>>> print(open('input_16.cif').read())   # mmCIF, C-alpha atoms
data_query
#
loop_
_atom_site.group_PDB
_atom_site.id
_atom_site.type_symbol
_atom_site.label_atom_id
_atom_site.label_comp_id
_atom_site.auth_asym_id
_atom_site.auth_seq_id
_atom_site.Cartn_x
_atom_site.Cartn_y
_atom_site.Cartn_z
ATOM 1 C CA MET A 1 -4.408 0.784 -16.961
ATOM 2 C CA LYS A 2 -0.965 1.220 -18.504
ATOM 3 C CA GLU A 3 1.653 -0.993 -16.810
ATOM 4 C CA LYS A 4 4.675 0.880 -15.497
ATOM 5 C CA ARG A 5 7.564 -0.556 -13.534
ATOM 6 C CA GLU A 6 10.864 0.461 -12.070
ATOM 7 C CA ASP A 7 13.476 -2.290 -11.919
ATOM 8 C CA ASN A 8 15.022 -1.166 -8.623
ATOM 9 C CA CYS A 9 11.849 -0.012 -6.810
ATOM 10 C CA VAL A 10 11.275 -2.176 -3.723
ATOM 11 C CA PHE A 11 7.472 -2.092 -4.082
ATOM 12 C CA CYS A 12 7.654 -2.935 -7.806
ATOM 13 C CA ARG A 13 9.819 -5.897 -6.849
ATOM 14 C CA ILE A 14 7.272 -6.990 -4.210
ATOM 15 C CA VAL A 15 4.427 -6.654 -6.752
ATOM 16 C CA ARG A 16 6.398 -8.826 -9.216
ATOM 17 C CA GLY A 17 7.077 -11.445 -6.507
ATOM 18 C CA GLU A 18 10.841 -10.872 -6.551
ATOM 19 C CA LEU A 19 10.953 -9.909 -2.866
ATOM 20 C CA PRO A 20 9.100 -11.725 -0.086
ATOM 21 C CA ALA A 21 6.047 -10.147 1.471
ATOM 22 C CA THR A 22 3.128 -11.288 3.574
ATOM 23 C CA VAL A 23 0.393 -10.550 1.067
ATOM 24 C CA VAL A 24 -3.051 -10.046 2.570
ATOM 25 C CA PHE A 25 -4.965 -9.556 -0.688
ATOM 26 C CA GLU A 26 -4.610 -8.207 -4.193
ATOM 27 C CA ASP A 27 -6.746 -7.137 -7.087
ATOM 28 C CA GLU A 28 -5.978 -5.986 -10.616
ATOM 29 C CA ALA A 29 -4.656 -2.579 -9.496
ATOM 30 C CA THR A 30 -3.374 -3.001 -5.916
ATOM 31 C CA LEU A 31 -1.466 -5.266 -3.562
ATOM 32 C CA ALA A 32 -2.003 -5.198 0.218
ATOM 33 C CA PHE A 33 0.731 -6.619 2.416
ATOM 34 C CA MET A 34 2.007 -6.407 5.972
ATOM 35 C CA ASP A 35 4.516 -3.615 6.626
ATOM 36 C CA ILE A 36 7.911 -5.107 7.474
ATOM 37 C CA GLY A 37 8.669 -2.027 9.598
ATOM 38 C CA SER A 38 5.258 -1.971 11.254
ATOM 39 C CA VAL A 39 4.301 0.746 13.701
ATOM 40 C CA ASN A 40 1.780 -1.620 15.364
ATOM 41 C CA PRO A 41 0.804 -5.261 14.822
ATOM 42 C CA GLY A 42 -1.551 -5.363 11.848
ATOM 43 C CA HIS A 43 0.053 -2.417 10.011
ATOM 44 C CA MET A 44 -0.730 -2.953 6.322
ATOM 45 C CA LEU A 45 0.434 -1.234 3.179
ATOM 46 C CA VAL A 46 -1.728 -0.913 0.084
ATOM 47 C CA ALA A 47 0.505 -0.345 -2.940
ATOM 48 C CA ALA A 48 -0.399 0.498 -6.511
ATOM 49 C CA LYS A 49 0.628 -2.328 -8.827
ATOM 50 C CA PRO A 50 1.855 -0.020 -11.593
ATOM 51 C CA HIS A 51 4.760 2.177 -10.605
ATOM 52 C CA VAL A 52 3.539 5.659 -9.802
ATOM 53 C CA ALA A 53 5.468 7.830 -7.363
ATOM 54 C CA ASN A 54 2.624 9.585 -5.582
ATOM 55 C CA LEU A 55 -1.037 10.620 -5.509
ATOM 56 C CA GLN A 56 -0.432 13.446 -7.975
ATOM 57 C CA GLY A 57 0.760 10.944 -10.578
ATOM 58 C CA MET A 58 -2.317 8.719 -10.353
ATOM 59 C CA GLU A 59 -5.189 8.546 -12.751
ATOM 60 C CA ALA A 60 -8.607 8.711 -11.073
ATOM 61 C CA GLU A 61 -9.257 4.991 -11.663
ATOM 62 C CA LEU A 62 -6.110 3.966 -9.792
ATOM 63 C CA ALA A 63 -6.760 6.420 -6.946
ATOM 64 C CA GLY A 64 -10.228 4.933 -6.528
ATOM 65 C CA ALA A 65 -8.832 1.395 -6.518
ATOM 66 C CA MET A 66 -6.239 2.365 -3.902
ATOM 67 C CA PHE A 67 -8.831 3.756 -1.516
ATOM 68 C CA ARG A 68 -11.233 0.836 -2.071
ATOM 69 C CA SER A 69 -8.379 -1.481 -1.111
ATOM 70 C CA ALA A 70 -7.510 0.700 1.901
ATOM 71 C CA ALA A 71 -11.139 0.372 3.058
ATOM 72 C CA ARG A 72 -10.924 -3.403 2.623
ATOM 73 C CA ALA A 73 -7.685 -3.446 4.643
ATOM 74 C CA ALA A 74 -9.288 -1.375 7.410
ATOM 75 C CA LYS A 75 -12.205 -3.822 7.615
ATOM 76 C CA ALA A 76 -9.785 -6.753 7.869
ATOM 77 C CA ILE A 77 -7.779 -4.999 10.604
ATOM 78 C CA GLU A 78 -11.004 -4.238 12.490
ATOM 79 C CA ALA A 79 -12.142 -7.874 12.306
ATOM 80 C CA VAL A 80 -8.826 -9.398 13.382
ATOM 81 C CA PHE A 81 -7.296 -6.889 15.800
ATOM 82 C CA ARG A 82 -10.329 -4.985 17.184
ATOM 83 C CA PRO A 83 -8.324 -1.758 17.612
ATOM 84 C CA ALA A 84 -9.645 1.379 19.274
ATOM 85 C CA GLY A 85 -9.080 3.188 15.958
ATOM 86 C CA ILE A 86 -7.424 2.901 12.559
ATOM 87 C CA SER A 87 -5.107 5.462 10.971
ATOM 88 C CA VAL A 88 -4.917 5.803 7.191
ATOM 89 C CA TYR A 89 -1.879 7.684 5.920
ATOM 90 C CA GLN A 90 -0.621 8.461 2.443
ATOM 91 C CA ALA A 91 2.491 10.666 2.040
ATOM 92 C CA ASN A 92 3.551 12.480 -1.139
ATOM 93 C CA GLY A 93 7.185 13.556 -1.312
ATOM 94 C CA ALA A 94 10.085 13.536 1.120
ATOM 95 C CA ALA A 95 8.869 16.632 2.960
ATOM 96 C CA ALA A 96 5.622 14.766 3.738
ATOM 97 C CA GLY A 97 7.507 11.756 5.106
ATOM 98 C CA GLN A 98 7.409 9.526 2.028
ATOM 99 C CA THR A 99 10.377 7.145 2.148
ATOM 100 C CA VAL A 100 9.465 4.700 -0.634
ATOM 101 C CA PHE A 101 8.680 6.652 -3.783
ATOM 102 C CA HIS A 102 6.021 4.253 -5.038
ATOM 103 C CA ALA A 103 2.429 5.246 -4.194
ATOM 104 C CA HIS A 104 1.116 3.407 -1.158
ATOM 105 C CA ILE A 105 -1.290 3.859 1.714
ATOM 106 C CA HIS A 106 -0.563 2.909 5.321
ATOM 107 C CA VAL A 107 -3.509 1.348 7.161
ATOM 108 C CA LEU A 108 -2.678 0.765 10.798
ATOM 109 C CA PRO A 109 -4.491 -0.137 13.961
ATOM 110 C CA ARG A 110 -4.269 2.185 16.957
ATOM 111 C CA TRP A 111 -4.792 1.532 20.652
#
>>> encode(input="input_16.cif", output="structure tokens")
Amino acid sequence: MKEKREDNCVFCRIVRGELPATVVFEDEATLAFMDIGSVNPGHMLVAAKPHVANLQGMEAELAGAMFRSAARAAKAIEAVFRPAGISVYQANGAAAGQTVFHAHIHVLPRW
């Protein structure tokens, strides 16, 4: 996987350890951390480690890694919070509600 980075991207800075985050887990391709602006307690973000703006810019390998990590996050949320449901959301572009232009998936418990 080719390493890309953006010096002023907030998620790139979190991946590099330059900004604080409550990291839940990471693997070679992804980093899962608690959302600082959480919708509900337990709201996690799964971010791609290389800088890629959206789903359309991902290679298949990275997309697979992102969704494997989202599944792992959902299992952790289920075990800890026992929610009635879990929403998984991934936005691509401003019109879709994307506010940080670094590919990430929201995994959040719902009651």
>>> closest_residue(input="input_16.cif", among="A:Pro109, A:Met66, A:Val24, A:Phe33", to="Val52 in chain A", atoms="only C-alpha atoms")
A:Met66
>>> resolve_selection(input="input_16.cif", expression="the PyMOL selection byres ((chain A and resi 71-75) around 8)", output="ChimeraX atom specification")
/A:32,44,46,67-70,76-79,86,107-108
>>> write_last_selection(input="input_16.cif", atoms="C-alpha atoms", output="mmCIF file, in the coordinates of the input")
data_model
loop_
_atom_site.group_PDB
_atom_site.id
_atom_site.type_symbol
_atom_site.label_atom_id
_atom_site.label_comp_id
_atom_site.auth_asym_id
_atom_site.auth_seq_id
_atom_site.Cartn_x
_atom_site.Cartn_y
_atom_site.Cartn_z
ATOM 1 C CA ALA A 32 -2.003 -5.198 0.218
ATOM 2 C CA MET A 44 -0.730 -2.953 6.322
ATOM 3 C CA VAL A 46 -1.728 -0.913 0.084
ATOM 4 C CA PHE A 67 -8.831 3.756 -1.516
ATOM 5 C CA ARG A 68 -11.233 0.836 -2.071
ATOM 6 C CA SER A 69 -8.379 -1.481 -1.111
ATOM 7 C CA ALA A 70 -7.510 0.700 1.901
ATOM 8 C CA ALA A 76 -9.785 -6.753 7.869
ATOM 9 C CA ILE A 77 -7.779 -4.999 10.604
ATOM 10 C CA GLU A 78 -11.004 -4.238 12.490
ATOM 11 C CA ALA A 79 -12.142 -7.874 12.306
ATOM 12 C CA ILE A 86 -7.424 2.901 12.559
ATOM 13 C CA VAL A 107 -3.509 1.348 7.161
ATOM 14 C CA LEU A 108 -2.678 0.765 10.798
#
>>> atom_distance(input="input_16.cif", atom1="CA of Gly85 in chain A", atom2="CA of Val100 in chain A")
24.9 Å
>>> residues_around(input="input_16.cif", residues="Thr99 in chain A", least_positions_apart="4", cutoff="12 Å", atoms="only C-alpha atoms", output="number ranges by chain")
A: 9-11, 37, 53-54, 90-95, 103-104
>>> resolve_selection(input="input_16.cif", expression="the PyMOL selection byres ((chain A and resi 62) around 12)", output="NGL selection string")
:A and (1-3 or 27-30 or 46-52 or 54-61 or 63-69 or 103-104)
>>> resolve_selection(input="input_16.cif", expression="the PyMOL selection byres ((chain A and resi 34) around 7)", output="PyMOL selection string")
chain A and resi 22-23+33+35-36+42-45
>>> atom_distance(input="input_16.cif", atom1="CA of Pro83 in chain A", atom2="CA of Ile14 in chain A")
27.3 Å
